[in-house]
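Heads up, final-v7.cif below (mmCIF, C-alpha atoms (C1' of nucleotides)):
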data_start
#
loop_
_atom_site.label_atom_id
_atom_site.label_comp_id
_atom_site.auth_asym_id
_atom_site.auth_seq_id
_atom_site.Cartn_x
_atom_site.Cartn_y
_atom_site.Cartn_z
CA MET L 1 0.00 0.00 0.00
CA LYS L 2 0.97 3.58 -0.48
CA SER L 3 3.03 4.56 2.51
CA GLY L 4 1.76 7.23 4.84
CA LYS L 5 -1.97 6.60 4.41
CA ILE L 6 -2.35 5.06 7.83
CA TYR L 7 -0.38 7.77 9.59
CA LYS L 8 -2.34 10.41 7.70
CA THR L 9 -5.55 8.79 8.92
CA TYR L 10 -4.23 8.97 12.47
CA LEU L 11 -3.53 12.69 12.11
CA GLU L 12 -6.96 13.30 10.63
CA LEU L 13 -8.73 11.39 13.40
CA TYR L 14 -6.68 13.23 15.99
CA ARG L 15 -7.61 16.57 14.48
CA LYS L 16 -11.26 15.58 14.34
CA HIS L 17 -11.67 14.06 17.81
CA GLY L 18 -8.81 15.54 19.79
CA ASP L 19 -6.67 13.65 22.24
CA PRO L 20 -8.33 10.37 23.24
CA VAL L 21 -7.53 10.46 26.94
CA SER L 22 -8.51 6.95 27.90
CA LEU L 23 -10.86 4.19 26.82
CA TRP L 24 -11.22 3.02 30.38
CA PRO L 25 -14.00 4.03 32.75
CA GLN L 26 -13.69 7.28 34.60
CA TRP L 27 -13.44 5.57 37.97
CA CYS L 28 -10.32 3.74 36.73
CA ALA L 29 -8.52 7.04 36.33
CA LYS L 30 -8.50 7.39 40.10
CA GLU L 31 -6.60 4.14 40.50
CA LYS L 32 -2.88 4.12 41.12
CA ASP L 33 -0.71 3.29 38.13
CA ALA L 34 0.04 -0.33 39.04
CA ALA L 35 -3.59 -1.00 39.95
CA LEU L 36 -4.79 0.56 36.70
CA ARG L 37 -2.52 -1.75 34.71
CA GLU L 38 -4.08 -4.74 36.46
CA ILE L 39 -7.57 -3.43 35.75
CA ILE L 40 -6.64 -3.19 32.08
CA ALA L 41 -5.43 -6.79 32.04
CA ILE L 42 -8.59 -7.97 33.79
CA GLY L 43 -10.74 -5.73 31.61
CA ALA L 44 -9.14 -7.13 28.46
CA ILE L 45 -10.69 -10.49 29.30
CA MET L 46 -14.01 -9.07 30.45
CA THR L 47 -14.52 -7.19 27.18
CA GLN L 48 -14.02 -10.19 24.91
CA ARG L 49 -16.98 -10.20 22.51
CA THR L 50 -18.92 -8.15 25.05
CA SER L 51 -20.21 -4.62 25.26
CA TRP L 52 -18.13 -2.29 27.37
CA ARG L 53 -21.17 -1.56 29.48
CA ASN L 54 -21.45 -5.20 30.53
CA ALA L 55 -17.70 -5.56 30.97
CA ASN L 56 -17.75 -2.52 33.22
CA LEU L 57 -20.53 -4.03 35.36
CA ALA L 58 -18.27 -7.03 35.94
CA LEU L 59 -15.29 -4.80 36.80
CA LYS L 60 -17.37 -2.82 39.25
CA ASN L 61 -18.61 -6.02 40.89
CA LEU L 62 -15.01 -7.16 41.29
CA LYS L 63 -14.01 -3.80 42.71
CA LYS L 64 -16.86 -3.83 45.21
CA GLU L 65 -15.66 -7.20 46.49
CA ASN L 66 -12.06 -6.01 46.54
CA LEU L 67 -11.12 -8.53 43.84
CA LEU L 68 -9.87 -6.15 41.18
CA SER L 69 -6.36 -7.45 41.78
CA LEU L 70 -4.36 -10.20 40.11
CA ASN L 71 -2.92 -11.32 43.44
CA LYS L 72 -6.33 -11.65 45.02
CA ILE L 73 -7.81 -13.42 42.02
CA ALA L 74 -4.90 -15.86 41.88
CA ALA L 75 -5.36 -16.61 45.58
CA LEU L 76 -8.99 -17.69 45.23
CA ALA L 77 -9.73 -21.29 46.15
CA ASP L 78 -12.35 -21.76 43.44
CA LEU L 79 -14.16 -19.90 40.67
CA LYS L 80 -17.53 -19.53 42.42
CA LYS L 81 -17.09 -15.92 43.41
CA LEU L 82 -15.52 -14.90 40.09
CA THR L 83 -18.36 -16.57 38.22
CA GLU L 84 -20.96 -14.72 40.24
CA LEU L 85 -19.26 -11.31 40.01
CA THR L 86 -18.36 -11.43 36.31
CA LYS L 87 -21.74 -12.75 35.19
CA PRO L 88 -22.82 -9.46 33.54
CA ALA L 89 -19.88 -9.79 31.14
CA GLY L 90 -21.36 -13.03 29.82
CA PHE L 91 -19.63 -16.33 28.99
CA TYR L 92 -19.63 -17.28 32.66
CA GLN L 93 -18.31 -20.75 31.92
CA THR L 94 -15.13 -19.45 30.33
CA LYS L 95 -14.30 -15.92 31.43
CA PRO L 96 -13.77 -16.67 35.15
CA LYS L 97 -11.47 -19.54 34.15
CA ARG L 98 -9.55 -17.32 31.72
CA LEU L 99 -9.22 -14.61 34.33
CA PHE L 100 -7.96 -17.04 36.96
CA ILE L 101 -5.46 -18.58 34.56
CA LEU L 102 -4.12 -15.16 33.57
CA ALA L 103 -3.88 -13.99 37.19
CA SER L 104 -2.15 -17.23 38.25
CA PHE L 105 0.35 -16.94 35.42
CA ILE L 106 1.21 -13.33 36.27
CA VAL L 107 1.46 -13.96 40.00
CA LYS L 108 3.09 -17.39 40.06
CA GLU L 109 5.21 -17.43 36.90
CA CYS L 110 6.07 -13.74 36.57
CA LYS L 111 5.58 -12.57 40.16
CA SER L 112 4.07 -9.34 38.83
CA LEU L 113 2.80 -7.59 35.73
CA LYS L 114 5.82 -5.32 35.89
CA ASN L 115 8.13 -8.32 35.69
CA LEU L 116 6.34 -9.61 32.61
CA GLY L 117 6.89 -6.16 31.13
CA LYS L 118 10.63 -6.58 31.53
CA GLU L 119 10.57 -9.42 29.02
CA ASN L 120 11.24 -8.84 25.39
CA LEU L 121 8.00 -8.03 23.52
CA GLU L 122 7.84 -11.23 21.48
CA THR L 123 8.67 -13.41 24.49
CA ALA L 124 5.97 -11.78 26.60
CA ARG L 125 3.48 -11.98 23.72
CA ASN L 126 4.12 -15.67 23.16
CA LYS L 127 3.76 -16.41 26.87
CA LEU L 128 0.40 -14.66 26.93
CA LEU L 129 -0.74 -16.43 23.75
CA ASP L 130 0.08 -19.77 25.34
CA LEU L 131 -2.55 -19.15 28.02
CA TYR L 132 -6.04 -20.54 27.58
CA GLY L 133 -8.43 -17.78 26.59
CA ILE L 134 -5.80 -15.26 25.53
CA GLY L 135 -5.80 -14.73 21.78
CA PRO L 136 -3.91 -12.12 19.78
CA GLU L 137 -6.25 -9.21 20.51
CA THR L 138 -6.33 -9.77 24.26
CA ALA L 139 -2.56 -10.31 24.35
CA ASP L 140 -1.88 -7.14 22.38
CA THR L 141 -4.32 -5.13 24.51
CA ILE L 142 -2.47 -6.18 27.64
CA LEU L 143 0.92 -5.56 26.04
CA LEU L 144 0.04 -2.14 24.62
CA TYR L 145 -2.08 -0.67 27.42
CA ALA L 146 -0.92 -2.46 30.56
CA LEU L 147 2.75 -2.99 29.72
CA ASP L 148 3.42 -0.07 27.33
CA LYS L 149 4.84 -2.39 24.68
CA PRO L 150 4.91 -1.24 21.04
CA THR L 151 2.39 -3.68 19.60
CA PHE L 152 -0.69 -2.67 17.61
CA VAL L 153 -4.12 -4.00 18.58
CA ILE L 154 -6.34 -5.26 15.77
CA ASP L 155 -10.01 -5.47 16.66
CA GLU L 156 -13.30 -5.43 14.79
CA TYR L 157 -13.28 -1.65 14.61
CA THR L 158 -9.83 -1.65 13.08
CA LYS L 159 -10.86 -4.26 10.53
CA ARG L 160 -13.89 -2.19 9.56
CA LEU L 161 -11.67 0.85 9.13
CA VAL L 162 -9.26 -1.15 6.96
CA LYS L 163 -12.16 -2.34 4.84
CA ARG L 164 -13.69 1.10 4.49
CA MET L 165 -10.38 2.82 3.74
CA ARG L 166 -9.23 -0.08 1.54
CA PHE L 167 -5.89 -0.27 3.33
CA SER L 168 -5.74 -4.00 2.63
CA ASP L 169 -7.84 -6.94 1.52
CA ASP L 170 -5.93 -9.34 3.75
CA PHE L 171 -7.62 -9.55 7.14
CA ASN L 172 -5.25 -11.99 8.76
CA TYR L 173 -4.57 -10.69 12.28
CA ASP L 174 -0.79 -10.73 12.19
CA ASN L 175 -0.60 -9.27 8.69
CA LEU L 176 -2.87 -6.37 9.66
CA LYS L 177 -0.88 -5.77 12.83
CA GLN L 178 2.32 -5.68 10.80
CA LEU L 179 0.73 -3.31 8.27
CA PHE L 180 -0.13 -0.77 10.99
CA GLU L 181 3.20 -1.12 12.75
CA GLU L 182 5.15 -0.61 9.54
CA ASN L 183 3.17 2.47 8.60
CA LEU L 184 3.25 4.27 11.94
CA PRO L 185 6.08 5.74 13.97
CA LYS L 186 7.20 3.11 16.48
CA ASP L 187 5.72 5.08 19.35
CA ILE L 188 3.45 3.48 21.92
CA THR L 189 1.44 6.65 22.43
CA VAL L 190 0.63 6.73 18.70
CA PHE L 191 -0.37 3.04 18.81
CA GLN L 192 -2.53 3.64 21.89
CA LYS L 193 -4.14 6.79 20.61
CA LEU L 194 -4.86 5.56 17.09
CA HIS L 195 -6.58 2.46 18.39
CA ALA L 196 -8.68 4.62 20.71
CA LEU L 197 -9.46 7.11 17.92
CA ILE L 198 -10.61 4.33 15.59
CA ILE L 199 -13.16 3.29 18.18
CA ILE L 200 -14.27 6.85 18.91
CA GLU L 201 -14.62 7.52 15.19
CA GLN L 202 -16.95 4.57 14.73
CA LYS L 203 -18.91 4.50 17.95
CA GLY L 204 -18.82 8.09 18.99
CA LYS L 205 -17.46 9.15 22.34
CA LYS L 206 -20.78 8.83 24.11
CA HIS L 207 -20.78 5.07 23.66
CA SER L 208 -17.25 4.42 24.78
CA LEU L 209 -16.53 2.62 27.99
CA MET L 210 -15.07 5.85 29.31
CA GLU L 211 -18.54 7.30 29.69
CA VAL L 212 -20.07 4.32 31.41
CA VAL L 213 -19.83 4.87 35.13
"C1'" DA X 1 -38.53 -11.68 18.81
"C1'" DC X 2 -34.92 -10.59 17.01
"C1'" DC X 3 -29.86 -8.16 16.76
"C1'" DC X 4 -25.44 -6.85 18.57
"C1'" DA X 5 -21.22 -6.14 21.64
"C1'" DG X 6 -12.67 -4.78 22.22
"C1'" DG X 7 -12.81 -12.87 20.83
"C1'" DT X 8 -11.37 -17.50 21.54
"C1'" DG X 9 -10.96 -22.45 21.18
"C1'" DG X 10 -12.71 -26.47 19.16
"C1'" DC X 11 -14.34 -28.61 15.56
"C1'" DC X 12 -14.44 -29.71 10.41
"C1'" DC X 13 -12.36 -30.45 5.90
"C1'" DG T 1 -4.62 -23.60 7.63
"C1'" DG T 2 -8.92 -21.25 6.67
"C1'" DG T 3 -14.04 -21.41 7.56
"C1'" DC T 4 -17.87 -22.20 10.77
"C1'" DC T 5 -19.72 -22.41 15.38
"C1'" DA T 6 -20.90 -22.18 20.47
"C1'" DC T 7 -20.36 -19.45 24.13
"C1'" DA T 8 -24.01 -15.68 27.67
"C1'" DT T 9 -25.27 -11.34 29.38
"C1'" DG T 10 -27.88 -6.84 28.98
"C1'" DG T 11 -29.64 -3.19 25.93
"C1'" DG T 12 -31.85 -1.46 21.62
#
Turn this file's structure into structure tokens for me.
Amino acid sequence: MKSGKIYKTYLELYRKHGDPVSLWPQWCAKEKDAALREIIAIGAIMTQRTSWRNANLALKNLKKENLLSLNKIAALADLKKLTELTKPAGFYQTKPKRLFILASFIVKECKSLKNLGKENLETARNKLLDLYGIGPETADTILLYALDKPTFVIDEYTKRLVKRMRFSDDFNYDNLKQLFEENLPKDITVFQKLHALIIIEQKGKKHSLMEVV
DNA sequence: ACCCAGGTGGCCC
DNA sequence: GGGCCACATGGG
């Protein structure tokens, strides 16, 4: 493809919508940095094929029970409580299990999210992809937003943009990811902001998770 | 009574 | 290895 089209789109979206501060709920902004990164990792699972509104209900339930923490989730004896609290996010047979597996991996194998972030990007990505319930989009969301790694997230919104703008007719996840990464400055804030702007462009700010409190 | 929402893993061929 | 399909809740 003609180089620069993707970056130009970023600049246009930025001019149109302004700085996309955060896709995460307002109440998350009050969290401390390390806690916010954990919420993002947990939220990445809760939002799988689920409206942000419902994902946010699950996050708020976890917060109310003081379980919005990888350490606390990993320490649970069974999935009963997780199942009950995350029910609004749907898929109650799989999401609690996925969440527990992710939390256990971070706590037991890595010791902390921060430690996972010290790994090389590809190593960390492959470790996440090896976990049950973590596919490329969830892995990249965690890497980009919770670990500040330069990896581009491809979701349904991004695919629709690619289709509409005719950036590519190959919708393979890794190929699309590579296309964006090759046509953008290797700058995590650009990756983060473009992904957010793509969503705002298509849904409108009023529907974003940010507004759901 | 439909349809859809930050996907993923398990089938099938 | 690509193409379907089930999975579940809450809102329009």
Å distance separating CA of Leu82 (chain L) from CA of Thr94 (chain L), one decimal place: 10.8 Å
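Residue-level contact on chain X: within 12 Å of chain L, counting only C-alpha atoms (C1' of nucleotides), the set is DC4, DA5, DG6, DG7, DT8 and DG9 of chain X.
Ranking L:Leu116, L:Leu184, L:Ala58, L:Ile198 by their shortest atom-to-atom distance to chain T, with all atoms listed in the file included, puts L:Ala58 first.
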Contact set, chain L to chain T: 6 Å, all atoms listed in the file, as a list of chain:residue names: L:Pro88, L:Ala89, L:Gly90, L:Phe91
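Reported to one decimal place, the separation of CA of Gln192 (chain L) from CA of Lys108 (chain L) is 28.4 Å.
Interatomic distance, CA of Pro150 (chain L) against CA of Lys95 (chain L): 26.3 Å.
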Nearest-residue call for His17 (chain L), choices L:Asn126, L:Gln202, L:Thr158, L:Thr189, using only C-alpha atoms: L:Gln202
Thr83 (chain L) environment, 8 Å, all atoms listed in the file, sequence neighbours closer than 6 positions dropped, as a PyMOL selection string: chain L and resi 92-93+95-96
Kindly extract all protein, DNA and RNA residues lying within 8 Å of the coordinates (4.2, 1.5, 22.8) given in the file, considering all atoms listed in the file, and supply them as a PDB file with C-alpha atoms, in the coordinates of the input.
ATOM      1  CA  LEU L 144       0.040  -2.140  24.620  1.00  0.00           C
ATOM      2  CA  ASP L 148       3.420  -0.070  27.330  1.00  0.00           C
ATOM      3  CA  LYS L 149       4.840  -2.390  24.680  1.00  0.00           C
ATOM      4  CA  PRO L 150       4.910  -1.240  21.040  1.00  0.00           C
ATOM      5  CA  THR L 151       2.390  -3.680  19.600  1.00  0.00           C
ATOM      6  CA  LYS L 186       7.200   3.110  16.480  1.00  0.00           C
ATOM      7  CA  ASP L 187       5.720   5.080  19.350  1.00  0.00           C
ATOM      8  CA  ILE L 188       3.450   3.480  21.920  1.00  0.00           C
ATOM      9  CA  THR L 189       1.440   6.650  22.430  1.00  0.00           C
ATOM     10  CA  VAL L 190       0.630   6.730  18.700  1.00  0.00           C
ATOM     11  CA  PHE L 191      -0.370   3.040  18.810  1.00  0.00           C
ATOM     12  CA  GLN L 192      -2.530   3.640  21.890  1.00  0.00           C
TER      13      GLN L 192
END
Let me have the centre and edge lengths in Å, one decimal, of the box along x, y and z around every listed atom of chain X with 8 Å of margin on each side, as AutoDock Vina command-line options.
--center_x -24.7 --center_y -17.6 --center_z 14.1 --size_x 43.6 --size_y 41.7 --size_z 32.3
Expected selection from the PyMOL selection byres ((chain L and resi 6) around 10), given as an MDAnalysis selection string: chainID L and resid 1:5 7:12 162 165 167 179:184 194
